[in-house]
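Report on one structure; see the data block that follows.
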Amino acid sequence: MHPPAQVRSRLYDSAELEAVLQAMASQAAALLQPQQPLAIIGILRRGAPLAQRLTDLLVQRHGIAPPLRLDLAVKRYADDLTLLHPETRLDEPASHADLDLRGHQLLVVDDVLYHGHSLLRVLQYLALKQPEQIRVAVLVDRCVARLPVHADVVGARLQMAPGSIIDCHVPPYESDFQIDLVQPGHAS
């Protein structure tokens, strides 16, 4: 028996995603308080380069002072949405143990908001650092969060059938910046 075929469709190409990121930077800039220190936190893997792209846009196009840039390693799902860690794993870097974020506004960046488990784990961790506020930016919101979390800045809201996968390709992890929809097909 062969594994089921998959149908892959391109939803956004690189040029379209650059426009999406610019719109996200504008949304984020409108939420940020210029008088408060800012930390932008990428969720590894693909959230980290997205966080850096948003940081660059906020600094270059919106005049935001260069923020503190951090990344957090969080893992729950494989790329095919297979559950890897039922208790979402967050690995705190040793350099973050004494990190003082009191008075900071935080912008957490990830590629896809799915059920919300990873995001909730990140928010729980960051809340212990006592920031002034935490905002969330995602490239894609699947609109199926099961936990009381949401994104303040959303690039695209994509409501897809269960079992479908939103596959974000983000350099440097992939060569092209794009979003594909992967749908389970039928065995041939």
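Identifiers in the structure tokens: chain A, B, ... in order shown; residue index from 1 per chain; ligand index from 1 in order shown.
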For this session: Write out as a ChimeraX atom specification the residues lying within 9 Å of stretch 156-171 of chain A, counting only C-alpha atoms and excluding same-chain residues fewer than 4 positions away.
Result: /A:20,46-47,49-50,79-81,111-112,138-144,175-184
Selected residues, C-alpha atoms, written as a PDB file, in the first residue's frame, please.
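That gives us out_16.pdb:
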```
ATOM      1  CA  VAL A  20       2.199  40.869   3.774  1.00  0.00           C
ATOM      2  CA  ARG A  46      10.603  29.803  11.211  1.00  0.00           C
ATOM      3  CA  GLY A  47       9.425  32.494  13.611  1.00  0.00           C
ATOM      4  CA  PRO A  49      13.783  34.795  10.636  1.00  0.00           C
ATOM      5  CA  LEU A  50      10.291  36.306  10.430  1.00  0.00           C
ATOM      6  CA  ASP A  79       6.239  19.840   9.907  1.00  0.00           C
ATOM      7  CA  ASP A  80       3.460  17.389   8.954  1.00  0.00           C
ATOM      8  CA  LEU A  81       1.601  18.298  12.200  1.00  0.00           C
ATOM      9  CA  ASP A 111       4.891  31.464  11.407  1.00  0.00           C
ATOM     10  CA  VAL A 112       1.549  29.707  12.071  1.00  0.00           C
ATOM     11  CA  VAL A 138       1.917  35.464  13.160  1.00  0.00           C
ATOM     12  CA  LEU A 139       2.343  35.105   9.442  1.00  0.00           C
ATOM     13  CA  VAL A 140      -0.704  32.789   9.282  1.00  0.00           C
ATOM     14  CA  ASP A 141      -3.607  32.292  11.671  1.00  0.00           C
ATOM     15  CA  ARG A 142      -5.384  29.002  10.936  1.00  0.00           C
ATOM     16  CA  CYS A 143      -8.426  30.262  12.900  1.00  0.00           C
ATOM     17  CA  VAL A 144      -8.690  27.002  14.869  1.00  0.00           C
ATOM     18  CA  SER A 175      15.318  28.666  -0.441  1.00  0.00           C
ATOM     19  CA  ASP A 176      12.065  30.468  -1.367  1.00  0.00           C
ATOM     20  CA  PHE A 177       9.795  32.607   0.798  1.00  0.00           C
ATOM     21  CA  GLN A 178       6.309  31.187   0.166  1.00  0.00           C
ATOM     22  CA  ILE A 179       3.222  29.622   1.700  1.00  0.00           C
ATOM     23  CA  ASP A 180       1.788  26.405   0.313  1.00  0.00           C
ATOM     24  CA  LEU A 181      -1.368  24.500   1.153  1.00  0.00           C
ATOM     25  CA  VAL A 182      -0.774  20.757   1.403  1.00  0.00           C
ATOM     26  CA  GLN A 183      -3.931  18.661   1.204  1.00  0.00           C
ATOM     27  CA  PRO A 184      -4.184  14.939   1.700  1.00  0.00           C
TER      28      PRO A 184
END
```
For this session: Would you please give, as a ChimeraX atom specification, all residues of stretch 79-143 of chain A that DSSP assigns to helix (DSSP H, G or I) based on the backbone?
Result: /A:94-96,117-127
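Taking atom CA of A:Arg135 and atom CA of A:Lys75 as the two end points, the separation is 20.1 Å.
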Per-residue nearest contacts stretch 95-117 of chain A to stretch 35-39 of chain A, cut-off 8 Å, using only C-alpha atoms, as a Markdown table:
```
| residue | atom | partner | partner_atom | distance |
| --- | --- | --- | --- | --- |
| A:Gly103 | CA | A:Gln36 | CA | 7.0 |
| A:His104 | CA | A:Pro37 | CA | 4.9 |
| A:Gln105 | CA | A:Leu38 | CA | 5.0 |
| A:Leu106 | CA | A:Ala39 | CA | 4.9 |
| A:Leu107 | CA | A:Ala39 | CA | 6.4 |
```
Would you write out those residues with N, CA, C and O atoms, as a short mmCIF file (atom, residue, chain, number, x, y, z; two decimals), in the first residue's frame?
```
data_model
loop_
_atom_site.label_atom_id
_atom_site.label_comp_id
_atom_site.auth_asym_id
_atom_site.auth_seq_id
_atom_site.Cartn_x
_atom_site.Cartn_y
_atom_site.Cartn_z
N GLY A 103 9.06 46.17 32.37
CA GLY A 103 8.91 47.45 31.68
C GLY A 103 9.00 47.34 30.17
O GLY A 103 8.75 48.32 29.47
N HIS A 104 9.34 46.19 29.65
CA HIS A 104 9.45 46.01 28.20
C HIS A 104 8.09 45.68 27.59
O HIS A 104 7.23 45.07 28.22
N GLN A 105 7.92 46.06 26.36
CA GLN A 105 6.84 45.55 25.54
C GLN A 105 7.46 44.45 24.68
O GLN A 105 8.57 44.61 24.17
N LEU A 106 6.77 43.34 24.57
CA LEU A 106 7.28 42.20 23.83
C LEU A 106 6.42 41.96 22.60
O LEU A 106 5.20 42.07 22.66
N LEU A 107 7.08 41.62 21.51
CA LEU A 107 6.40 41.20 20.30
C LEU A 107 6.90 39.80 19.98
O LEU A 107 8.08 39.62 19.63
#
```
Seminar exercise, completed: Of A:Glu87, A:Glu18, A:Asp71, A:Asp13, the one sitting nearest A:Leu57 when using only C-alpha atoms is A:Glu18
For this session: List every residue of chain A that DSSP, applied to the backbone of this structure, places in strand (DSSP E), and write the result as a ChimeraX atom specification.
Result: /A:6-12,38-44,68-75,89-91,105-113,133-141,153-157,165-169,178-184
Seminar exercise, completed: Counting only C-alpha atoms, the residue among A:Leu99, A:Ala30, A:Ala19, A:Ala94 that lies closest to A:Gln130 is A:Leu99
For this session: With a distance cut-off of 8 Å and only C-alpha atoms, select the neighbouring residues of A:Lys129, excluding the residue or stretch itself and same-chain residues fewer than 2 positions from it, and output the selection as a VMD selection string.
Result: chain A and resid 99 to 102 125 to 127 131
Keeping N, CA, C and O atoms for every residue in the selection just given, could you write it to a file as a CSV table (one decimal), in the first residue's frame?
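So out-v9.csv came out as:
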```csv
chain,number,residue,atom,x,y,z
A,99,LEU,N,17.4,37.2,32.5
A,99,LEU,CA,16.9,38.3,31.6
A,99,LEU,C,15.8,39.1,32.3
A,99,LEU,O,14.8,38.5,32.8
A,100,ASP,N,16.0,40.4,32.4
A,100,ASP,CA,15.0,41.2,33.0
A,100,ASP,C,14.3,42.0,31.9
A,100,ASP,O,14.8,42.8,31.2
A,101,LEU,N,13.0,41.6,31.8
A,101,LEU,CA,12.1,42.2,30.8
A,101,LEU,C,11.1,43.1,31.4
A,101,LEU,O,10.1,43.5,30.8
A,102,ARG,N,11.2,43.4,32.7
A,102,ARG,CA,10.3,44.3,33.4
A,102,ARG,C,10.3,45.7,32.6
A,102,ARG,O,11.3,46.2,32.3
A,125,TYR,N,5.8,31.4,29.8
A,125,TYR,CA,7.2,31.6,30.1
A,125,TYR,C,7.6,33.1,30.2
A,125,TYR,O,8.2,33.6,31.2
A,126,LEU,N,7.1,33.9,29.2
A,126,LEU,CA,7.5,35.3,29.2
A,126,LEU,C,6.8,36.1,30.3
A,126,LEU,O,7.3,37.1,30.8
A,127,ALA,N,5.6,35.7,30.6
A,127,ALA,CA,4.8,36.4,31.7
A,127,ALA,C,5.6,36.4,33.0
A,127,ALA,O,5.6,37.3,33.8
A,131,PRO,N,7.0,41.5,31.8
A,131,PRO,CA,7.0,42.6,30.9
A,131,PRO,C,5.8,43.5,31.1
A,131,PRO,O,4.8,43.1,31.8
```
For this session: Fewer than 5 positions away in the same chain doesn't count, so skip those; otherwise give me all residues within 10 Å of A:Ala137, counting only C-alpha atoms, as a list in words.
Result: Met24, Ala25, Gln27, Ala28, Ile40, Ile41, Gly42, Gly47, Leu50, Ala51, Leu54, Leu107, Val108, Val109, Asp110, Asp111, Val112, Leu113, His150, Ala151, Asp152, Val153, Val154 and Gly155 of chain A
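Counting from atom CA of A:Ala97, the distance to atom CA of A:Leu123 is 15.7 Å.
Remark: for A:Ala65, the closest of the candidate residues A:Gln33, A:Ser26, A:Gln6, A:Gln124 is A:Gln33 (distances computed over only C-alpha atoms).
Closest approach to A:Leu17 from the set A:Ser118, A:Arg53, A:Ala73, A:Glu132 is made by A:Arg53, with distances taken over only C-alpha atoms.
One distance worth recording is that between atom CA of A:Leu72 and atom CA of A:Ile43, which is 5.1 Å.
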